[in-house]
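Listing of data16.tsv, TSV, C-alpha atoms
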chain	number	residue	atom	x	y	z
A	1095	MET	CA	94.83	42.21	66.50
A	1096	ARG	CA	92.00	44.58	67.35
A	1097	ALA	CA	92.81	48.20	68.12
A	1098	GLU	CA	90.89	48.07	71.45
A	1099	THR	CA	92.98	45.11	72.64
A	1100	LEU	CA	96.12	47.05	71.89
A	1101	LYS	CA	95.10	50.36	73.35
A	1102	GLY	CA	95.94	49.70	77.00
A	1103	HIS	CA	99.45	48.62	76.04
A	1104	LEU	CA	100.17	51.16	73.35
A	1105	ASP	CA	102.10	53.52	75.65
A	1106	GLY	CA	104.48	50.79	76.82
A	1107	MET	CA	105.06	49.57	73.28
A	1108	LEU	CA	105.75	53.06	71.99
A	1109	LEU	CA	108.31	53.57	74.76
A	1110	ALA	CA	109.88	50.19	73.99
A	1111	VAL	CA	110.24	51.05	70.30
A	1112	LEU	CA	112.03	54.28	71.25
A	1113	GLU	CA	114.40	52.60	73.70
A	1114	ALA	CA	117.15	51.78	71.22
A	1115	GLU	CA	117.16	55.03	69.26
A	1116	PRO	CA	115.15	58.19	68.60
A	1117	ARG	CA	112.62	57.76	65.79
A	1118	HIS	CA	110.02	59.81	63.94
A	1119	GLY	CA	106.32	58.96	63.80
A	1120	TYR	CA	106.26	56.78	60.71
A	1121	ALA	CA	109.42	54.90	61.72
A	1122	ILE	CA	107.82	54.23	65.11
A	1123	MET	CA	104.77	52.73	63.40
A	1124	GLU	CA	106.97	50.61	61.14
A	1125	ALA	CA	108.96	49.39	64.14
A	1126	LEU	CA	105.71	48.46	65.94
A	1127	ARG	CA	104.58	46.52	62.92
A	1128	ALA	CA	107.91	44.80	62.34
A	1129	GLY	CA	108.52	44.11	66.03
A	1130	SER	CA	105.13	42.40	66.40
A	1131	GLY	CA	105.51	40.30	63.27
A	1132	GLY	CA	102.72	42.28	61.64
A	1133	GLN	CA	100.25	41.60	64.50
A	1134	PHE	CA	99.97	45.25	65.53
A	1135	ASP	CA	98.55	47.18	62.64
A	1136	LEU	CA	96.88	50.25	64.12
A	1137	PRO	CA	95.72	53.12	61.93
A	1138	THR	CA	99.02	55.02	61.74
A	1139	GLY	CA	97.30	58.37	62.34
A	1140	THR	CA	96.26	57.32	65.85
A	1141	VAL	CA	99.87	56.82	66.93
A	1142	TYR	CA	100.64	60.54	66.61
A	1143	PRO	CA	98.21	61.79	69.30
A	1144	ALA	CA	99.52	59.04	71.58
A	1145	LEU	CA	103.07	60.31	71.05
A	1146	HIS	CA	101.97	63.87	71.86
A	1147	ARG	CA	100.35	62.60	75.07
A	1148	LEU	CA	103.57	60.82	76.07
A	1149	GLU	CA	105.46	64.04	75.39
A	1150	ARG	CA	103.09	66.00	77.63
A	1151	ALA	CA	103.52	63.37	80.35
A	1152	GLY	CA	107.29	63.93	80.17
A	1153	LEU	CA	108.06	60.39	78.97
A	1154	VAL	CA	109.37	61.35	75.53
A	1155	GLN	CA	110.94	64.48	74.12
A	1156	ALA	CA	110.29	65.65	70.57
A	1157	THR	CA	112.51	67.80	68.36
A	1158	TRP	CA	112.06	68.92	64.76
A	1159	SER	CA	114.88	67.96	62.45
A	1160	VAL	CA	115.49	67.55	58.73
A	1161	HIS	CA	116.17	64.01	57.48
A	1162	GLY	CA	116.50	63.19	53.82
A	1163	GLY	CA	115.19	66.63	52.84
A	1164	ARG	CA	111.98	66.17	54.88
A	1165	ARG	CA	111.17	67.97	58.12
A	1166	ARG	CA	110.38	65.38	60.78
A	1167	ARG	CA	109.51	65.36	64.43
A	1168	LEU	CA	111.96	63.06	66.16
A	1169	TYR	CA	110.96	61.40	69.45
A	1170	GLN	CA	113.34	60.14	72.10
A	1171	LEU	CA	112.90	58.69	75.58
A	1172	THR	CA	113.48	60.92	78.59
A	1173	PRO	CA	114.95	59.49	81.83
A	1174	ASP	CA	111.36	59.40	83.15
A	1175	GLY	CA	110.36	57.51	80.02
A	1176	ARG	CA	113.04	54.89	80.66
A	1177	ARG	CA	111.80	54.44	84.21
A	1178	ALA	CA	108.21	54.16	83.00
A	1179	LEU	CA	109.29	51.54	80.45
A	1180	ASP	CA	111.05	49.52	83.18
A	1181	SER	CA	107.97	49.55	85.34
A	1182	GLU	CA	105.76	48.69	82.35
A	1183	ARG	CA	108.02	45.69	81.69
A	1184	ARG	CA	107.84	44.48	85.30
A	1185	THR	CA	104.04	44.84	85.39
A	1186	TRP	CA	103.68	42.99	82.09
A	1187	ARG	CA	106.02	40.18	83.18
A	1188	ASP	CA	104.06	39.58	86.39
A	1189	PHE	CA	100.73	39.80	84.61
A	1190	SER	CA	101.68	37.57	81.69
A	1191	SER	CA	103.29	34.88	83.87
A	1192	ALA	CA	100.17	34.81	86.06
A	1193	VAL	CA	97.89	34.51	83.02
A	1194	THR	CA	100.17	31.90	81.43
A	1195	ALA	CA	100.07	29.82	84.61
A	1196	LEU	CA	96.29	30.02	84.79
A	1197	LEU	CA	95.68	29.27	81.12
A	1198	ARG	CA	98.08	26.34	80.92
A	1199	PRO	CA	96.20	23.15	80.05
A	1200	PRO	CA	96.45	20.51	82.78
A	1201	SER	CA	99.38	18.15	82.18
A	1202	PRO	CA	98.40	14.52	81.47
A	1203	ALA	CA	100.36	13.28	84.53
A	1204	ALA	CA	98.48	15.58	86.90
A	1205	SER	CA	95.07	14.73	85.46
A	1206	GLN	CA	95.51	10.95	85.90
A	1207	PRO	CA	94.00	9.40	89.04
B	25	MET	CA	95.56	55.57	35.41
B	26	THR	CA	94.62	58.63	37.40
B	27	ARG	CA	94.72	62.11	35.99
B	28	PRO	CA	97.59	64.21	37.32
B	29	GLY	CA	96.20	66.63	39.91
B	30	PRO	CA	97.27	70.25	40.32
B	31	VAL	CA	100.64	70.69	41.91
B	32	GLN	CA	100.13	71.44	45.60
B	33	PRO	CA	102.60	72.38	48.27
B	34	GLY	CA	103.74	69.37	50.20
B	35	GLY	CA	101.83	66.23	49.79
B	36	GLY	CA	99.84	66.36	46.56
B	37	PRO	CA	96.04	66.43	46.25
B	38	THR	CA	95.26	63.15	48.06
B	39	VAL	CA	97.45	63.89	51.06
B	40	GLU	CA	96.45	67.57	51.22
B	41	SER	CA	92.71	66.84	51.15
B	42	TYR	CA	93.18	64.18	53.83
B	43	LEU	CA	95.04	66.77	55.96
B	44	ALA	CA	92.32	69.35	55.27
B	45	ALA	CA	89.71	66.89	56.59
B	46	ILE	CA	91.70	66.61	59.83
B	47	THR	CA	92.36	70.36	60.13
B	48	ALA	CA	88.65	71.10	59.77
B	49	ARG	CA	87.97	69.07	62.92
B	50	LEU	CA	90.77	70.54	65.06
B	51	PRO	CA	89.80	73.30	67.47
B	52	GLY	CA	91.99	76.15	68.70
B	53	PRO	CA	94.31	78.66	67.07
B	54	ALA	CA	95.84	77.92	63.64
B	55	ARG	CA	99.33	78.09	65.16
B	56	SER	CA	98.77	75.02	67.33
B	57	ARG	CA	97.27	73.10	64.41
B	58	ALA	CA	100.12	73.92	62.00
B	59	GLY	CA	102.68	71.78	63.84
B	60	ILE	CA	100.32	68.81	63.97
B	61	VAL	CA	99.52	69.06	60.26
B	62	ASP	CA	103.23	69.39	59.35
B	63	GLU	CA	104.06	66.30	61.34
B	64	LEU	CA	101.20	64.27	59.82
B	65	ARG	CA	102.17	65.43	56.32
B	66	SER	CA	105.73	64.24	56.73
B	67	GLY	CA	104.42	60.90	58.07
B	68	LEU	CA	102.03	60.53	55.15
B	69	LEU	CA	104.83	61.28	52.68
B	70	ASP	CA	107.00	58.65	54.41
B	71	ALA	CA	104.14	56.17	54.10
B	72	ALA	CA	103.62	57.06	50.43
B	73	ASP	CA	107.36	56.59	49.82
B	74	ALA	CA	107.16	53.15	51.39
B	75	HIS	CA	104.22	52.18	49.15
B	76	ARG	CA	106.03	53.53	46.10
B	77	SER	CA	109.11	51.48	46.96
B	78	ALA	CA	106.79	48.47	47.13
B	79	GLY	CA	105.84	49.13	43.49
B	80	LEU	CA	102.70	51.30	43.59
B	81	PRO	CA	102.40	54.25	41.18
B	82	PRO	CA	102.62	57.68	42.96
B	83	ALA	CA	98.88	58.50	43.04
B	84	GLU	CA	97.97	55.03	44.28
B	85	ALA	CA	100.80	55.17	46.85
B	86	ALA	CA	99.38	58.44	48.24
B	87	ARG	CA	95.91	56.87	48.53
B	88	ALA	CA	97.38	53.81	50.24
B	89	ALA	CA	99.19	56.13	52.69
B	90	THR	CA	95.96	57.93	53.66
B	91	ARG	CA	94.17	54.56	54.05
B	92	GLU	CA	96.99	53.39	56.28
B	93	PHE	CA	96.68	56.51	58.47
B	94	GLY	CA	93.02	55.73	59.08
B	95	ASP	CA	89.78	57.67	59.28
B	96	PRO	CA	90.65	61.41	59.45
B	97	ARG	CA	87.86	61.87	62.03
B	98	GLN	CA	89.48	59.34	64.34
B	99	VAL	CA	92.92	60.95	63.96
B	100	ALA	CA	91.45	64.42	64.58
B	101	ASP	CA	89.60	63.18	67.68
B	102	GLY	CA	92.88	61.92	69.12
B	103	PHE	CA	94.42	65.35	68.61
B	104	ARG	CA	91.42	67.28	69.96
B	105	ALA	CA	92.10	65.86	73.42
B	106	GLU	CA	95.76	66.84	73.08
B	107	ILE	CA	94.95	70.38	71.94
B	108	ALA	CA	92.51	70.74	74.84
B	109	ALA	CA	95.13	69.61	77.33
B	110	ARG	CA	97.76	71.94	75.87
B	111	GLN	CA	95.42	74.93	75.92
B	112	ALA	CA	94.50	74.16	79.54
B	113	ARG	CA	98.13	73.79	80.50
B	114	ARG	CA	99.16	77.04	78.81
B	115	THR	CA	96.31	78.91	80.49
B	116	SER	CA	97.13	77.46	83.93
B	117	ILE	CA	100.83	78.28	83.63
B	118	SER	CA	100.16	81.87	82.49
B	119	LEU	CA	97.74	82.41	85.37
B	120	MET	CA	100.19	80.98	87.92
B	121	ALA	CA	103.02	83.11	86.52
B	122	GLY	CA	101.02	86.32	86.21
B	123	GLY	CA	98.98	86.02	89.41
B	124	PRO	CA	101.72	86.80	91.93
B	125	LEU	CA	102.83	89.80	89.84
B	126	VAL	CA	99.36	91.34	89.70
B	127	GLY	CA	98.88	90.61	93.41
B	128	ALA	CA	102.22	92.19	94.32
B	129	LEU	CA	101.39	95.34	92.35
B	130	TRP	CA	98.10	95.74	94.25
B	131	VAL	CA	99.83	95.18	97.61
B	132	VAL	CA	102.44	97.83	96.72
B	133	ALA	CA	99.66	100.16	95.56
B	134	ALA	CA	97.79	99.67	98.85
B	135	LEU	CA	100.88	100.05	101.01
B	136	THR	CA	102.06	103.21	99.28
B	137	SER	CA	98.62	104.77	99.36
B	138	HIS	CA	97.48	106.65	102.42
B	139	LEU	CA	95.26	103.72	103.38
B	140	GLY	CA	98.19	101.42	103.72
B	141	MET	CA	100.41	103.59	105.82
B	142	HIS	CA	99.29	101.71	108.91
B	143	LEU	CA	100.86	98.33	109.35
B	144	GLY	CA	98.75	95.23	109.42
B	145	SER	CA	96.54	93.35	107.02
B	146	PRO	CA	94.65	95.54	104.55
B	147	TRP	CA	91.27	94.35	105.81
B	148	HIS	CA	92.15	95.57	109.31
B	149	TRP	CA	92.93	99.09	108.18
B	150	PRO	CA	90.58	101.29	110.16
B	151	GLU	CA	89.70	103.74	107.40
B	152	LEU	CA	88.42	101.07	105.06
B	153	SER	CA	84.75	101.28	104.24
B	154	PRO	CA	82.67	98.13	104.81
B	155	VAL	CA	82.19	97.83	101.05
B	156	LEU	CA	85.94	97.90	100.47
B	157	THR	CA	86.55	95.39	103.27
B	158	ALA	CA	83.90	93.04	101.92
B	159	GLY	CA	85.26	93.45	98.38
B	160	ILE	CA	88.78	92.59	99.47
B	161	HIS	CA	87.47	89.51	101.27
B	162	VAL	CA	85.66	88.39	98.14
B	163	VAL	CA	88.80	88.92	96.05
B	164	ALA	CA	90.90	86.93	98.54
B	165	VAL	CA	88.49	83.97	98.42
B	166	VAL	CA	88.20	84.07	94.62
B	167	ILE	CA	91.97	84.32	94.16
B	168	VAL	CA	92.63	81.34	96.42
B	169	ALA	CA	90.02	79.28	94.54
B	170	ALA	CA	91.42	80.37	91.16
B	171	ALA	CA	94.97	79.56	92.26
B	172	TRP	CA	93.90	76.04	93.26
B	173	ALA	CA	92.06	75.62	89.96
B	174	ALA	CA	95.14	76.78	88.00
B	175	LEU	CA	97.32	74.39	90.00
B	176	ALA	CA	94.89	71.56	89.25
B	177	GLY	CA	94.85	72.53	85.56
B	178	PHE	CA	98.65	72.39	85.52
B	179	ALA	CA	98.79	69.09	87.41
B	180	VAL	CA	96.22	67.09	85.46
B	181	THR	CA	97.66	68.07	82.07
B	182	GLY	CA	101.27	67.16	82.87
B	183	ARG	CA	102.94	64.19	84.48
B	184	LEU	CA	99.81	63.12	86.32
B	185	THR	CA	98.39	62.24	82.88
B	186	ARG	CA	100.16	58.92	83.30
B	187	TRP	CA	98.16	57.87	86.32
B	188	LEU	CA	94.85	59.63	85.89
B	189	PRO	CA	92.05	58.01	83.92
B	190	ALA	CA	91.67	59.73	80.55
B	191	ARG	CA	89.07	62.48	80.90
B	192	PRO	CA	90.07	65.07	78.31
B	193	GLY	CA	87.51	67.62	79.51
B	194	ARG	CA	89.00	67.92	82.97
B	195	GLY	CA	92.01	70.13	82.16
B	196	PRO	CA	90.09	72.76	80.14
B	197	THR	CA	87.34	72.85	82.77
B	198	VAL	CA	89.58	73.69	85.72
B	199	ALA	CA	91.75	76.03	83.63
B	200	GLY	CA	88.58	77.82	82.47
B	201	ILE	CA	87.42	78.17	86.08
B	202	ALA	CA	90.84	79.54	87.04
B	203	GLY	CA	90.75	82.04	84.18
B	204	PHE	CA	87.27	83.31	84.97
B	205	GLY	CA	88.18	83.41	88.69
B	206	ALA	CA	91.23	85.60	88.02
B	207	ALA	CA	89.21	87.81	85.68
B	208	GLY	CA	86.47	88.10	88.32
B	209	ALA	CA	88.98	89.14	90.98
B	210	ASP	CA	90.36	91.79	88.61
B	211	LEU	CA	86.87	93.08	87.92
B	212	VAL	CA	86.13	93.44	91.64
B	213	MET	CA	89.48	95.15	92.30
B	214	LEU	CA	88.98	97.60	89.45
B	215	SER	CA	85.42	98.35	90.63
B	216	LEU	CA	86.65	98.94	94.18
B	217	LEU	CA	89.34	101.23	92.80
B	218	ALA	CA	86.82	103.15	90.72
B	219	GLY	CA	84.65	103.58	93.83
B	220	GLN	CA	87.61	104.70	95.91
B	221	LEU	CA	88.68	107.19	93.22
B	222	ALA	CA	85.18	108.65	93.21
B	223	ILE	CA	85.01	108.99	97.00
B	224	ALA	CA	88.53	109.89	98.06
B	225	PRO	CA	91.02	110.17	95.19
B	226	GLY	CA	93.60	111.96	97.32
B	227	LYS	CA	94.21	108.91	99.47
B	228	LEU	CA	95.72	106.91	96.61
B	229	SER	CA	99.27	107.17	95.28
B	230	PRO	CA	98.92	107.59	91.50
B	231	LEU	CA	101.83	105.64	89.99
B	232	PRO	CA	101.55	102.34	91.93
B	233	ILE	CA	97.75	102.44	91.57
B	234	ALA	CA	98.03	103.05	87.82
B	235	LEU	CA	100.48	100.15	87.48
B	236	ALA	CA	98.28	97.78	89.47
B	237	ALA	CA	95.16	98.82	87.56
B	238	ALA	CA	96.91	98.40	84.21
B	239	ALA	CA	98.14	94.94	85.21
B	240	SER	CA	94.65	93.93	86.36
B	241	LEU	CA	93.08	95.27	83.17
B	242	ALA	CA	95.57	93.34	81.03
B	243	ARG	CA	94.99	90.14	82.97
B	244	LEU	CA	91.22	90.64	82.88
B	245	THR	CA	91.37	90.72	79.07
B	246	LEU	CA	93.84	87.86	78.63
B	247	ALA	CA	92.34	85.58	81.29
B	248	THR	CA	88.81	86.04	79.94
B	249	ARG	CA	89.96	85.20	76.42
B	250	ALA	CA	91.96	82.15	77.55
B	251	ALA	CA	89.08	80.90	79.71
B	252	HIS	CA	86.65	81.27	76.79
B	253	GLN	CA	89.04	79.29	74.58
B	254	CYS	CA	89.32	76.55	77.20
B	255	LEU	CA	85.55	76.21	77.48
B	256	ALA	CA	85.11	76.35	73.68
B	257	ILE	CA	87.61	73.53	73.26
B	258	ARG	CA	85.89	71.61	76.02
B	259	SER	CA	82.51	71.83	74.30
B	260	ALA	CA	84.19	70.83	71.02
B	261	LEU	CA	85.39	67.69	72.83
B	262	ALA	CA	81.88	66.93	74.00
B	263	VAL	CA	80.55	67.17	70.43
B	264	ALA	CA	83.25	64.82	69.05
Written as structure tokens, how would this file's structure read?
Amino acid sequence: MRAETLKGHLDGMLLAVLEAEPRHGYAIMEALRAGSGGQFDLPTGTVYPALHRLERAGLVQATWSVHGGRRRRLYQLTPDGRRALDSERRTWRDFSSAVTALLRPPSPAASQP
Amino acid sequence: MTRPGPVQPGGGPTVESYLAAITARLPGPARSRAGIVDELRSGLLDAADAHRSAGLPPAEAARAATREFGDPRQVADGFRAEIAARQARRTSISLMAGGPLVGALWVVAALTSHLGMHLGSPWHWPELSPVLTAGIHVVAVVIVAAAWAALAGFAVTGRLTRWLPARPGRGPTVAGIAGFGAAGADLVMLSLLAGQLAIAPGKLSPLPIALAAAASLARLTLATRAAHQCLAIRSALAVA
């Protein structure tokens, strides 16, 4: 999938990936890839500025910690981040069900005279 | 097979030269870049580990990791906007925190000086020269404008980021205006003080005046530097 198509939804997906547990940058990227069945394959480097922006917006909180002998910046959702994720989910559900309804091919029964 | 490169701290030659390409495009003080580079390095090493586990030799795994991270220019551009916002936010917060203190010191200095012994607003004090009155008016207007600019700089670089359309130049612009505004107010106050000292030094109480002047001088220096940094980062964004 093209990076531009993804961009508008990146924030919501990053929040979703962090919902279950705190993760560091590379693990977030791997979770995005795995969770989308390999569809979302952004340049990994572009995920980091997005995470910093979410941190500045108060949606995630980052802390440095040492895992496996490597210093990593661990991101976790804040209460505001959870709320933002809920609202992102609602918006997406409404949007996608509307688009699905509109794009559905006409059923054979309805198209018969 | 590739020749073994020189041993480098951290990520090895491929990763380190990739990081150097990003660092070269990041504006601002080295301190703010160091955290970003550390975080990217640990991510690149994670990626290289993953490629090594998939069977690539170390040097090839490092190259695959940098390819996976993408064009260093694109990564740096993403961070430039972040660095700009952080600089703007830091400047706005410092100005909002320091402003009331500097203001309070000048009010105390005025009230304890002979001029201020009468109650009422400073600009209504009868002994004030027209120049002093006009100067104080100018300072009041500039300070109010700078305070609003600092507030805007704080607001647009924080939680509002979620709802505002992405315009990375906005934060540094208003923070720069706030910084130059505060510095301008300090310059006027210090000039008025110098004038007053030349005309009627006996009317001023030395210690509070010295404190207020020192505070204004310190803020003049710091605010000018911060405002310059904000505008420099803003023009770096425009070039990107």
Each residue of stretch 103-191 of chain B with at least one atom at most 10 Å from stretch 1141-1149 of chain A should appear once, together with its nearest atom pair and the corresponding distance in Å (one decimal); atoms considered: only C-alpha atoms; ordering: chain, then increasing residue number; output as CSV.
residue,atom,partner,partner_atom,distance
B:Phe103,CA,A:Pro1143,CA,5.2
B:Arg104,CA,A:Pro1143,CA,8.8
B:Ala105,CA,A:Pro1143,CA,8.4
B:Glu106,CA,A:Arg1147,CA,6.6
B:Ile107,CA,A:Pro1143,CA,9.6
B:Ala109,CA,A:Arg1147,CA,9.0
B:Arg110,CA,A:Arg1147,CA,9.7
B:Thr181,CA,A:Arg1147,CA,9.3
B:Gly182,CA,A:Arg1147,CA,9.1
B:Arg183,CA,A:Leu1148,CA,9.1
B:Thr185,CA,A:Arg1147,CA,8.1
B:Arg186,CA,A:Leu1148,CA,8.2
Exercise answer, chain A residues close to chain B, 12 Å and all atoms listed in the file, as a ChimeraX atom specification: /A:1097,1102,1105-1106,1117-1124,1135-1154,1156-1169,1174-1175,1178,1182
Can you spit out the residues from that selection as a PDB file, keeping the file's coordinate frame, using C-alpha atoms?
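Resulting contents of out_15.pdb:
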ATOM      1  CA  ALA A1097      92.810  48.200  68.120  1.00  0.00           C
ATOM      2  CA  GLY A1102      95.940  49.700  77.000  1.00  0.00           C
ATOM      3  CA  ASP A1105     102.100  53.520  75.650  1.00  0.00           C
ATOM      4  CA  GLY A1106     104.480  50.790  76.820  1.00  0.00           C
ATOM      5  CA  ARG A1117     112.620  57.760  65.790  1.00  0.00           C
ATOM      6  CA  HIS A1118     110.020  59.810  63.940  1.00  0.00           C
ATOM      7  CA  GLY A1119     106.320  58.960  63.800  1.00  0.00           C
ATOM      8  CA  TYR A1120     106.260  56.780  60.710  1.00  0.00           C
ATOM      9  CA  ALA A1121     109.420  54.900  61.720  1.00  0.00           C
ATOM     10  CA  ILE A1122     107.820  54.230  65.110  1.00  0.00           C
ATOM     11  CA  MET A1123     104.770  52.730  63.400  1.00  0.00           C
ATOM     12  CA  GLU A1124     106.970  50.610  61.140  1.00  0.00           C
ATOM     13  CA  ASP A1135      98.550  47.180  62.640  1.00  0.00           C
ATOM     14  CA  LEU A1136      96.880  50.250  64.120  1.00  0.00           C
ATOM     15  CA  PRO A1137      95.720  53.120  61.930  1.00  0.00           C
ATOM     16  CA  THR A1138      99.020  55.020  61.740  1.00  0.00           C
ATOM     17  CA  GLY A1139      97.300  58.370  62.340  1.00  0.00           C
ATOM     18  CA  THR A1140      96.260  57.320  65.850  1.00  0.00           C
ATOM     19  CA  VAL A1141      99.870  56.820  66.930  1.00  0.00           C
ATOM     20  CA  TYR A1142     100.640  60.540  66.610  1.00  0.00           C
ATOM     21  CA  PRO A1143      98.210  61.790  69.300  1.00  0.00           C
ATOM     22  CA  ALA A1144      99.520  59.040  71.580  1.00  0.00           C
ATOM     23  CA  LEU A1145     103.070  60.310  71.050  1.00  0.00           C
ATOM     24  CA  HIS A1146     101.970  63.870  71.860  1.00  0.00           C
ATOM     25  CA  ARG A1147     100.350  62.600  75.070  1.00  0.00           C
ATOM     26  CA  LEU A1148     103.570  60.820  76.070  1.00  0.00           C
ATOM     27  CA  GLU A1149     105.460  64.040  75.390  1.00  0.00           C
ATOM     28  CA  ARG A1150     103.090  66.000  77.630  1.00  0.00           C
ATOM     29  CA  ALA A1151     103.520  63.370  80.350  1.00  0.00           C
ATOM     30  CA  GLY A1152     107.290  63.930  80.170  1.00  0.00           C
ATOM     31  CA  LEU A1153     108.060  60.390  78.970  1.00  0.00           C
ATOM     32  CA  VAL A1154     109.370  61.350  75.530  1.00  0.00           C
ATOM     33  CA  ALA A1156     110.290  65.650  70.570  1.00  0.00           C
ATOM     34  CA  THR A1157     112.510  67.800  68.360  1.00  0.00           C
ATOM     35  CA  TRP A1158     112.060  68.920  64.760  1.00  0.00           C
ATOM     36  CA  SER A1159     114.880  67.960  62.450  1.00  0.00           C
ATOM     37  CA  VAL A1160     115.490  67.550  58.730  1.00  0.00           C
ATOM     38  CA  HIS A1161     116.170  64.010  57.480  1.00  0.00           C
ATOM     39  CA  GLY A1162     116.500  63.190  53.820  1.00  0.00           C
ATOM     40  CA  GLY A1163     115.190  66.630  52.840  1.00  0.00           C
ATOM     41  CA  ARG A1164     111.980  66.170  54.880  1.00  0.00           C
ATOM     42  CA  ARG A1165     111.170  67.970  58.120  1.00  0.00           C
ATOM     43  CA  ARG A1166     110.380  65.380  60.780  1.00  0.00           C
ATOM     44  CA  ARG A1167     109.510  65.360  64.430  1.00  0.00           C
ATOM     45  CA  LEU A1168     111.960  63.060  66.160  1.00  0.00           C
ATOM     46  CA  TYR A1169     110.960  61.400  69.450  1.00  0.00           C
ATOM     47  CA  ASP A1174     111.360  59.400  83.150  1.00  0.00           C
ATOM     48  CA  GLY A1175     110.360  57.510  80.020  1.00  0.00           C
ATOM     49  CA  ALA A1178     108.210  54.160  83.000  1.00  0.00           C
ATOM     50  CA  GLU A1182     105.760  48.690  82.350  1.00  0.00           C
TER      51      GLU A1182
END
Between atom CA of B:Gln111 and atom CA of B:Ala250, what is the spacing in Å? 8.2 Å
Long-range neighbours of A:Ala1114 as a PyMOL selection string, 12 Å cut-off, only C-alpha atoms, 6 positions minimum in chain: chain A and resi 1108+1122+1125+1169-1171+1176
Could you tell me how far atom CA of B:Ile167 lies from atom CA of B:Pro51, in Å and to one decimal?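 Separating atom CA of B:Ile167 from atom CA of B:Pro51 is a distance of 29.0 Å.
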Within 12 Å of (104.0, 52.8, 46.9) (coordinates as in the file), grab all the protein and nucleic acid residues, counting all atoms listed in the file, and write them out as a list in words.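 Nearby residues: Leu68, Leu69, Asp70, Ala71, Ala72, Asp73, Ala74, His75, Arg76, Ser77, Ala78, Gly79, Leu80, Pro81, Pro82, Ala83, Glu84, Ala85, Ala86, Arg87, Ala88, Ala89, Thr90 and Glu92 of chain B.
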Work out how far apart atom CA of B:Pro232 and atom CA of B:Ala133 are and give it in Å to one decimal.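 Going from atom CA of B:Pro232 over to atom CA of B:Ala133, I get 4.6 Å.
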